Amino acid sequence: MKVKIESTRTIKPTYEGIFPPDQTLHFSPLSVFDKVTYNSHIAIIYAYRPPTPPNATIEYGLKRALSEYREWAGRLGENEKGDPVILLNDKGVKFVEAFVDSKLDHVMPLKPSPILLSLHPSLKNVEELVQVQLTRFTCGSLVVGFTAHHLVADGQSTSNFLVAWGQASRGIDMNPLPFHDRTIFHPRKTPHFEFEHRGVEYKSKKMIKDCSINADHNYVDDDNIIVHKVHFTLDFLSKIKARASSFNKNCKPYSTFESLVAHLWRVITKARGLGGFETTHVRISVNGRMRMNPRIPNEYFGNLVLWAFPSSRVKDLLREPLPYATKVIHDAITNVDNNYFKSFIDFANHKVKNEDLVPTAEMNKSALCPNLEVDSWLRFPFYDLDFGGGSPYIFMPSHFPTEGMMFLLPSFIGDGSIDAFIPIFEDNLATFKQFVYSLD
């Protein structure tokens with residue numbers, strides 16, 4: 001597929017009324033949750049069938065949405081104290097228009113492959129915090145490539161912005177509006193480090209040096225990694241959930257998410273052929289909005305995620321039935337509660353700078369083996385991005401060939417089924433396929 005770039009320009013916010021809304025607000029400080037997350041861009045792909053609105057309509061909607069989400073139009077920088085901030089300078093986002101001289105069906109389905117990288121701007125050496133590429137096809141179909149810097153916002157916030165962009169493009173009010181105050185996460189007057197955060201959210205620079213000795217274990221040739229898409233029907237998910245919860249006689253069943261991740265953890269571990277005494281863990285994002293007390297509104301714009309790290313020896317994971325792995329995952333997620341978030345806030349404010357710690361969240365590895373990471377977009381309204389021609393019929397992450405980094409998305413079918421994008425070593429793919437639909 002040859003993509004022809006027709007134009008590239010900078011899009012800035014369009015304000016109605018006073019410009020800007022608050023002339024005294026020059027920057028937004030990064031919160032402790034922003035600072036601990038991934039310092040990188042994330043790219044996603046949308047596809048729309050015709051008829052679709054013209055690019056000018058989508059562009060104007062973006063300008064309007066940026067007026068409410070000014071952070072995206074800014075730049076990363078520092079305040080006078082040298083602390084990291086988002087400069088609210090309205091420098092704008094990159095806006096690319098492109099064309100492909102063929103029908104979209106000729107390159108469909110958009111399976112996980114390097115071809116997706118041509119449908120959004122490059123993620124290398126990017127100054128803008130958001131980039132957009134509109135790619136038109138001769139059949140009238142439209143592909144929207146969107147990239148966003150993770151330090152600015154998590155999945156919940158980014159999906160809220162995308163919904164607002166669609167609303168603005170359709171000429172309706174953006175609702176709900178974002179809650180912007182990133183200074184609400186105050187440490188307690190008497191810090192209480194109830195949990196261990198060293199080696200969890202943060203690590204010492206010495207740990208980085210120690211890991212670099214074994215760097216070859218985490219850096220492999222991308223050509224050896226296949227991003228495999230798996231579709232799990234609602235019927236299969238129901239069976240997995242029932243199997244995972246079969247030991248919970250008097251307790252609430254485990255969630256579909258917990259059950260599916262437990263299943264994939266076991267299948268991928270089996271496909272990897274790991275030694276029985278090796279330890280494997282799964283990094284799972286936990287949204288703090290519903291867990292903190294007082295509760296943080298879903299409209300909060302920024303990052304508000306910590307991670308659960310369910311862990312097991314390989315022999316226990318594979319020898320024990322599915323309920324074992326599901327319980328390990330459930331317990332680990334449950335433990336990331338209000339007390340844990342408050343403990344992290346205290347730790348991040350009092351220990352990180354003094355001990356010269358750095359985040360454990362990083363995207364520069366090409367292999368996570370023997371561990372996994374799961375990015376779940378199951379509860380976010382990504383499919384609600386409607387520019388005026390209806391919802392997308394495809395939504396997916398771009399090509400991220402990091403072995404072990406899974407993405408879970410609701411299927412576009414809309415029947416409750418789930419699509420999983422699984423980057424896996426090519427040599428392990430046959431074994432993975434053999435067991436991925438097995439209920440044993």
# chains A, B, ... in the order shown; residues from 1 in each chain; ligands from 1
>>> select_by_dssp(residues="segment 1-131 of chain A", states="alpha helix (DSSP H)", output="ChimeraX atom specification")
/A:32-35,55-68
>>> closest_residue(among="A:Lys94, A:Lys241, A:Ile333, A:Arg319", to="Val126 of chain A", atoms="only C-alpha atoms")
A:Lys94
>>> closest_residue(among="A:Ser311, A:Ser102, A:Asn371, A:Gln167", to="Lys2 of chain A", atoms="only C-alpha atoms")
A:Ser102
>>> closest_residue(among="A:Thr147, A:Asn55, A:Ser312, A:Ser31", to="Val132 of chain A", atoms="only C-alpha atoms")
A:Thr147
>>> closest_residue(among="A:Ser255, A:Ser67, A:Thr10, A:Gln434", to="Gln133 of chain A", atoms="only C-alpha atoms")
A:Thr10
>>> select_by_dssp(residues="segment 53-270 of chain A", states="strand (DSSP E)", output="MDAnalysis selection string")
chainID A and resid 75:78 84:87 93:100 130:137 142:149 202:204 225:232
>>> atom_distance(atom1="atom CA of Met292 of chain A", atom2="atom CA of Lys353 of chain A")
24.1 Å
>>> residues_around(residues="Val261 of chain A", least_positions_apart="6", cutoff="12 Å", atoms="only C-alpha atoms", output="PyMOL selection string")
chain A and resi 232+237+240-241+244+254-255+267-269+281-284+310+322-323+325-330+372-376+405-408+418+420+422+436
>>> write_last_selection(atoms="N, CA, C and O atoms", output="short mmCIF file (atom, residue, chain, number, x, y, z; two decimals), in the first residue's frame")
data_model
loop_
_atom_site.label_atom_id
_atom_site.label_comp_id
_atom_site.auth_asym_id
_atom_site.auth_seq_id
_atom_site.Cartn_x
_atom_site.Cartn_y
_atom_site.Cartn_z
N PHE A 232 -12.25 -13.67 20.51
CA PHE A 232 -12.92 -14.50 21.50
C PHE A 232 -14.42 -14.20 21.47
O PHE A 232 -14.83 -13.08 21.77
N LEU A 237 -16.05 -16.67 25.93
CA LEU A 237 -15.76 -15.88 27.12
C LEU A 237 -16.62 -16.33 28.29
O LEU A 237 -16.16 -16.36 29.44
N ILE A 240 -15.06 -19.51 29.62
CA ILE A 240 -13.81 -19.22 30.35
C ILE A 240 -14.13 -18.65 31.72
O ILE A 240 -13.53 -19.02 32.74
N LYS A 241 -15.09 -17.73 31.78
CA LYS A 241 -15.46 -17.11 33.05
C LYS A 241 -16.04 -18.15 34.01
O LYS A 241 -15.73 -18.14 35.21
N ALA A 244 -13.13 -20.29 35.21
CA ALA A 244 -12.27 -19.56 36.13
C ALA A 244 -12.91 -19.39 37.50
O ALA A 244 -12.24 -19.35 38.53
N TYR A 254 -15.51 -14.23 39.08
CA TYR A 254 -14.47 -13.35 38.58
C TYR A 254 -14.97 -12.64 37.32
O TYR A 254 -15.87 -13.12 36.63
N SER A 255 -14.35 -11.52 37.01
CA SER A 255 -14.77 -10.76 35.83
C SER A 255 -14.31 -11.45 34.56
O SER A 255 -13.38 -12.28 34.57
N VAL A 267 -1.65 -19.69 28.58
CA VAL A 267 -1.39 -20.16 27.21
C VAL A 267 -0.07 -19.61 26.70
O VAL A 267 0.75 -20.34 26.11
N ILE A 268 0.18 -18.32 26.91
CA ILE A 268 1.43 -17.72 26.42
C ILE A 268 2.63 -18.30 27.17
O ILE A 268 3.68 -18.56 26.58
N THR A 269 2.47 -18.53 28.48
CA THR A 269 3.56 -19.14 29.25
C THR A 269 3.87 -20.53 28.73
O THR A 269 5.04 -20.92 28.59
N HIS A 281 5.25 -12.59 35.73
CA HIS A 281 4.21 -11.70 36.24
C HIS A 281 3.52 -10.99 35.08
O HIS A 281 4.04 -10.96 33.96
N VAL A 282 2.36 -10.44 35.39
CA VAL A 282 1.59 -9.66 34.41
C VAL A 282 1.44 -8.24 34.95
O VAL A 282 1.03 -8.05 36.10
N ARG A 283 1.78 -7.26 34.13
CA ARG A 283 1.57 -5.85 34.51
C ARG A 283 0.18 -5.44 34.02
O ARG A 283 -0.09 -5.45 32.82
N ILE A 284 -0.70 -5.07 34.97
CA ILE A 284 -2.09 -4.75 34.65
C ILE A 284 -2.42 -3.35 35.13
O ILE A 284 -2.26 -3.04 36.32
N PRO A 310 0.30 -9.35 39.37
CA PRO A 310 0.13 -10.76 39.76
C PRO A 310 1.32 -11.58 39.30
O PRO A 310 1.80 -11.42 38.17
N LEU A 322 -7.26 -23.26 35.93
CA LEU A 322 -7.48 -21.84 35.63
C LEU A 322 -7.88 -21.01 36.84
O LEU A 322 -7.44 -19.85 36.96
N PRO A 323 -8.70 -21.50 37.77
CA PRO A 323 -9.07 -20.66 38.92
C PRO A 323 -7.87 -20.17 39.73
O PRO A 323 -7.95 -19.09 40.34
N ALA A 325 -4.82 -19.15 38.60
CA ALA A 325 -4.28 -17.95 37.95
C ALA A 325 -5.25 -16.78 38.07
O ALA A 325 -4.85 -15.63 38.28
N THR A 326 -6.55 -17.08 37.95
CA THR A 326 -7.55 -16.01 38.02
C THR A 326 -7.58 -15.39 39.42
O THR A 326 -7.70 -14.17 39.56
N LYS A 327 -7.46 -16.22 40.45
CA LYS A 327 -7.44 -15.70 41.81
C LYS A 327 -6.19 -14.85 42.06
O LYS A 327 -6.26 -13.79 42.72
N VAL A 328 -5.06 -15.27 41.54
CA VAL A 328 -3.82 -14.49 41.69
C VAL A 328 -4.01 -13.10 41.07
O VAL A 328 -3.63 -12.08 41.65
N ILE A 329 -4.63 -13.07 39.90
CA ILE A 329 -4.87 -11.79 39.21
C ILE A 329 -5.89 -10.96 40.00
O ILE A 329 -5.68 -9.76 40.24
N HIS A 330 -7.00 -11.57 40.39
CA HIS A 330 -8.04 -10.85 41.12
C HIS A 330 -7.50 -10.23 42.41
O HIS A 330 -7.77 -9.06 42.71
N LEU A 372 4.44 -10.45 31.12
CA LEU A 372 3.44 -9.95 30.20
C LEU A 372 2.98 -8.58 30.66
O LEU A 372 3.14 -8.20 31.82
N GLU A 373 2.38 -7.85 29.73
CA GLU A 373 1.68 -6.62 30.07
C GLU A 373 0.37 -6.62 29.29
O GLU A 373 0.35 -7.00 28.11
N VAL A 374 -0.70 -6.20 29.95
CA VAL A 374 -1.99 -6.17 29.27
C VAL A 374 -2.54 -4.75 29.32
O VAL A 374 -2.61 -4.14 30.39
N ASP A 375 -2.86 -4.21 28.18
CA ASP A 375 -3.51 -2.91 28.06
C ASP A 375 -4.96 -3.16 27.66
O ASP A 375 -5.24 -3.56 26.54
N SER A 376 -5.85 -2.93 28.60
CA SER A 376 -7.27 -3.18 28.34
C SER A 376 -7.98 -1.89 27.99
O SER A 376 -7.98 -0.93 28.76
N MET A 405 3.34 -7.76 25.11
CA MET A 405 2.50 -6.61 25.41
C MET A 405 1.16 -6.76 24.69
O MET A 405 1.02 -6.49 23.50
N MET A 406 0.15 -7.19 25.42
CA MET A 406 -1.16 -7.51 24.84
C MET A 406 -2.10 -6.31 24.89
O MET A 406 -2.06 -5.51 25.82
N PHE A 407 -2.96 -6.21 23.89
CA PHE A 407 -4.03 -5.22 23.87
C PHE A 407 -5.36 -5.96 23.78
O PHE A 407 -5.54 -6.83 22.93
N LEU A 408 -6.30 -5.59 24.65
CA LEU A 408 -7.64 -6.17 24.62
C LEU A 408 -8.63 -5.08 24.24
O LEU A 408 -8.68 -4.02 24.88
N ILE A 418 -14.51 -10.11 22.24
CA ILE A 418 -13.27 -9.38 22.49
C ILE A 418 -12.22 -9.78 21.48
O ILE A 418 -12.08 -10.96 21.13
N ALA A 420 -8.14 -9.73 20.91
CA ALA A 420 -6.86 -9.60 21.61
C ALA A 420 -5.74 -9.54 20.58
O ALA A 420 -5.69 -10.34 19.65
N ILE A 422 -1.89 -10.00 20.25
CA ILE A 422 -0.87 -10.70 21.02
C ILE A 422 0.45 -10.70 20.26
O ILE A 422 0.63 -11.45 19.30
N VAL A 436 -4.91 -21.79 22.47
CA VAL A 436 -5.59 -20.56 22.81
C VAL A 436 -7.11 -20.73 22.93
O VAL A 436 -7.76 -20.01 23.68
#
>>> closest_residue(among="A:Ala153, A:Ile226, A:Ile394, A:Leu177", to="Ile44 of chain A", atoms="only C-alpha atoms")
A:Ile394
>>> residues_around(residues="Ser118 of chain A", least_positions_apart="3", cutoff="12 Å", atoms="only C-alpha atoms", output="PyMOL selection string")
chain A and resi 1-5+43-45+96+98-100+113-115+121-123+133-135+143-146+398-399
>>> decode(residues="segment 338-374 of chain A", atoms="N, CA and C atoms", output="PDB file, in the first residue's frame")
ATOM      1  N   ASN A 338      -7.706   2.273  47.458  1.00  0.00           N
ATOM      2  CA  ASN A 338      -7.518   3.661  47.888  1.00  0.00           C
ATOM      3  C   ASN A 338      -6.266   3.817  48.747  1.00  0.00           C
ATOM      4  N   ASN A 339      -6.048   2.889  49.684  1.00  0.00           N
ATOM      5  CA  ASN A 339      -4.865   2.976  50.545  1.00  0.00           C
ATOM      6  C   ASN A 339      -3.582   2.874  49.733  1.00  0.00           C
ATOM      7  N   TYR A 340      -3.620   2.022  48.707  1.00  0.00           N
ATOM      8  CA  TYR A 340      -2.421   1.876  47.872  1.00  0.00           C
ATOM      9  C   TYR A 340      -2.147   3.163  47.101  1.00  0.00           C
ATOM     10  N   PHE A 341      -3.182   3.757  46.512  1.00  0.00           N
ATOM     11  CA  PHE A 341      -2.996   5.005  45.771  1.00  0.00           C
ATOM     12  C   PHE A 341      -2.484   6.111  46.690  1.00  0.00           C
ATOM     13  N   LYS A 342      -3.028   6.198  47.913  1.00  0.00           N
ATOM     14  CA  LYS A 342      -2.584   7.234  48.855  1.00  0.00           C
ATOM     15  C   LYS A 342      -1.132   6.993  49.269  1.00  0.00           C
ATOM     16  N   SER A 343      -0.764   5.734  49.476  1.00  0.00           N
ATOM     17  CA  SER A 343       0.611   5.402  49.814  1.00  0.00           C
ATOM     18  C   SER A 343       1.563   5.801  48.683  1.00  0.00           C
ATOM     19  N   PHE A 344       1.132   5.556  47.451  1.00  0.00           N
ATOM     20  CA  PHE A 344       1.965   5.935  46.312  1.00  0.00           C
ATOM     21  C   PHE A 344       2.150   7.448  46.238  1.00  0.00           C
ATOM     22  N   ILE A 345       1.095   8.208  46.459  1.00  0.00           N
ATOM     23  CA  ILE A 345       1.194   9.670  46.427  1.00  0.00           C
ATOM     24  C   ILE A 345       2.210  10.152  47.469  1.00  0.00           C
ATOM     25  N   ASP A 346       2.153   9.603  48.670  1.00  0.00           N
ATOM     26  CA  ASP A 346       3.122   9.960  49.706  1.00  0.00           C
ATOM     27  C   ASP A 346       4.538   9.604  49.267  1.00  0.00           C
ATOM     28  N   PHE A 347       4.693   8.397  48.743  1.00  0.00           N
ATOM     29  CA  PHE A 347       6.021   7.933  48.327  1.00  0.00           C
ATOM     30  C   PHE A 347       6.576   8.795  47.203  1.00  0.00           C
ATOM     31  N   ALA A 348       5.744   9.078  46.210  1.00  0.00           N
ATOM     32  CA  ALA A 348       6.201   9.852  45.053  1.00  0.00           C
ATOM     33  C   ALA A 348       6.614  11.263  45.445  1.00  0.00           C
ATOM     34  N   ASN A 349       5.962  11.824  46.435  1.00  0.00           N
ATOM     35  CA  ASN A 349       6.283  13.193  46.857  1.00  0.00           C
ATOM     36  C   ASN A 349       7.487  13.267  47.786  1.00  0.00           C
ATOM     37  N   HIS A 350       7.773  12.205  48.531  1.00  0.00           N
ATOM     38  CA  HIS A 350       8.809  12.284  49.561  1.00  0.00           C
ATOM     39  C   HIS A 350      10.059  11.464  49.260  1.00  0.00           C
ATOM     40  N   LYS A 351       9.969  10.474  48.380  1.00  0.00           N
ATOM     41  CA  LYS A 351      11.088   9.560  48.209  1.00  0.00           C
ATOM     42  C   LYS A 351      11.731   9.584  46.819  1.00  0.00           C
ATOM     43  N   VAL A 352      10.938   9.824  45.787  1.00  0.00           N
ATOM     44  CA  VAL A 352      11.436   9.641  44.416  1.00  0.00           C
ATOM     45  C   VAL A 352      12.608  10.549  44.106  1.00  0.00           C
ATOM     46  N   LYS A 353      12.451  11.845  44.374  1.00  0.00           N
ATOM     47  CA  LYS A 353      13.523  12.784  44.051  1.00  0.00           C
ATOM     48  C   LYS A 353      14.728  12.578  44.973  1.00  0.00           C
ATOM     49  N   ASN A 354      14.475  12.346  46.250  1.00  0.00           N
ATOM     50  CA  ASN A 354      15.569  12.174  47.207  1.00  0.00           C
ATOM     51  C   ASN A 354      16.416  10.948  46.906  1.00  0.00           C
ATOM     52  N   GLU A 355      15.768   9.888  46.420  1.00  0.00           N
ATOM     53  CA  GLU A 355      16.488   8.643  46.146  1.00  0.00           C
ATOM     54  C   GLU A 355      16.865   8.488  44.683  1.00  0.00           C
ATOM     55  N   ASP A 356      16.550   9.517  43.881  1.00  0.00           N
ATOM     56  CA  ASP A 356      16.912   9.516  42.453  1.00  0.00           C
ATOM     57  C   ASP A 356      16.358   8.274  41.749  1.00  0.00           C
ATOM     58  N   LEU A 357      15.049   8.066  41.932  1.00  0.00           N
ATOM     59  CA  LEU A 357      14.393   6.911  41.340  1.00  0.00           C
ATOM     60  C   LEU A 357      13.803   7.246  39.980  1.00  0.00           C
ATOM     61  N   VAL A 358      13.612   6.241  39.153  1.00  0.00           N
ATOM     62  CA  VAL A 358      13.042   6.418  37.818  1.00  0.00           C
ATOM     63  C   VAL A 358      11.903   5.416  37.634  1.00  0.00           C
ATOM     64  N   PRO A 359      10.930   5.720  36.768  1.00  0.00           N
ATOM     65  CA  PRO A 359       9.777   4.816  36.592  1.00  0.00           C
ATOM     66  C   PRO A 359      10.172   3.466  36.014  1.00  0.00           C
ATOM     67  N   THR A 360       9.428   2.437  36.397  1.00  0.00           N
ATOM     68  CA  THR A 360       9.611   1.117  35.798  1.00  0.00           C
ATOM     69  C   THR A 360       8.866   1.001  34.472  1.00  0.00           C
ATOM     70  N   ALA A 361       7.912   1.896  34.236  1.00  0.00           N
ATOM     71  CA  ALA A 361       7.142   1.860  32.983  1.00  0.00           C
ATOM     72  C   ALA A 361       8.012   2.360  31.842  1.00  0.00           C
ATOM     73  N   GLU A 362       8.242   1.524  30.863  1.00  0.00           N
ATOM     74  CA  GLU A 362       9.063   1.901  29.721  1.00  0.00           C
ATOM     75  C   GLU A 362       8.600   1.144  28.488  1.00  0.00           C
ATOM     76  N   MET A 363       8.873   1.750  27.331  1.00  0.00           N
ATOM     77  CA  MET A 363       8.406   1.160  26.072  1.00  0.00           C
ATOM     78  C   MET A 363       9.568   0.797  25.149  1.00  0.00           C
ATOM     79  N   ASN A 364      10.793   0.786  25.683  1.00  0.00           N
ATOM     80  CA  ASN A 364      11.940   0.577  24.804  1.00  0.00           C
ATOM     81  C   ASN A 364      12.437  -0.859  24.791  1.00  0.00           C
ATOM     82  N   LYS A 365      11.625  -1.781  25.303  1.00  0.00           N
ATOM     83  CA  LYS A 365      11.958  -3.193  25.216  1.00  0.00           C
ATOM     84  C   LYS A 365      11.209  -3.811  24.044  1.00  0.00           C
ATOM     85  N   SER A 366      11.822  -4.769  23.391  1.00  0.00           N
ATOM     86  CA  SER A 366      11.123  -5.466  22.321  1.00  0.00           C
ATOM     87  C   SER A 366      10.605  -6.821  22.776  1.00  0.00           C
ATOM     88  N   ALA A 367      10.995  -7.254  23.985  1.00  0.00           N
ATOM     89  CA  ALA A 367      10.503  -8.513  24.525  1.00  0.00           C
ATOM     90  C   ALA A 367      10.334  -8.395  26.036  1.00  0.00           C
ATOM     91  N   LEU A 368       9.173  -8.846  26.538  1.00  0.00           N
ATOM     92  CA  LEU A 368       8.893  -8.817  27.969  1.00  0.00           C
ATOM     93  C   LEU A 368       9.077 -10.175  28.622  1.00  0.00           C
ATOM     94  N   CYS A 369       9.320 -11.205  27.840  1.00  0.00           N
ATOM     95  CA  CYS A 369       9.480 -12.565  28.350  1.00  0.00           C
ATOM     96  C   CYS A 369      10.464 -12.599  29.524  1.00  0.00           C
ATOM     97  N   PRO A 370      10.116 -13.244  30.631  1.00  0.00           N
ATOM     98  CA  PRO A 370       8.999 -14.175  30.865  1.00  0.00           C
ATOM     99  C   PRO A 370       7.709 -13.507  31.348  1.00  0.00           C
ATOM    100  N   ASN A 371       7.674 -12.171  31.286  1.00  0.00           N
ATOM    101  CA  ASN A 371       6.529 -11.438  31.828  1.00  0.00           C
ATOM    102  C   ASN A 371       5.573 -11.016  30.719  1.00  0.00           C
ATOM    103  N   LEU A 372       4.444 -10.454  31.116  1.00  0.00           N
ATOM    104  CA  LEU A 372       3.437  -9.949  30.198  1.00  0.00           C
ATOM    105  C   LEU A 372       2.976  -8.579  30.655  1.00  0.00           C
ATOM    106  N   GLU A 373       2.380  -7.852  29.733  1.00  0.00           N
ATOM    107  CA  GLU A 373       1.676  -6.622  30.073  1.00  0.00           C
ATOM    108  C   GLU A 373       0.375  -6.624  29.290  1.00  0.00           C
ATOM    109  N   VAL A 374      -0.701  -6.200  29.950  1.00  0.00           N
ATOM    110  CA  VAL A 374      -1.986  -6.167  29.266  1.00  0.00           C
ATOM    111  C   VAL A 374      -2.537  -4.751  29.324  1.00  0.00           C
TER     112      VAL A 374
END
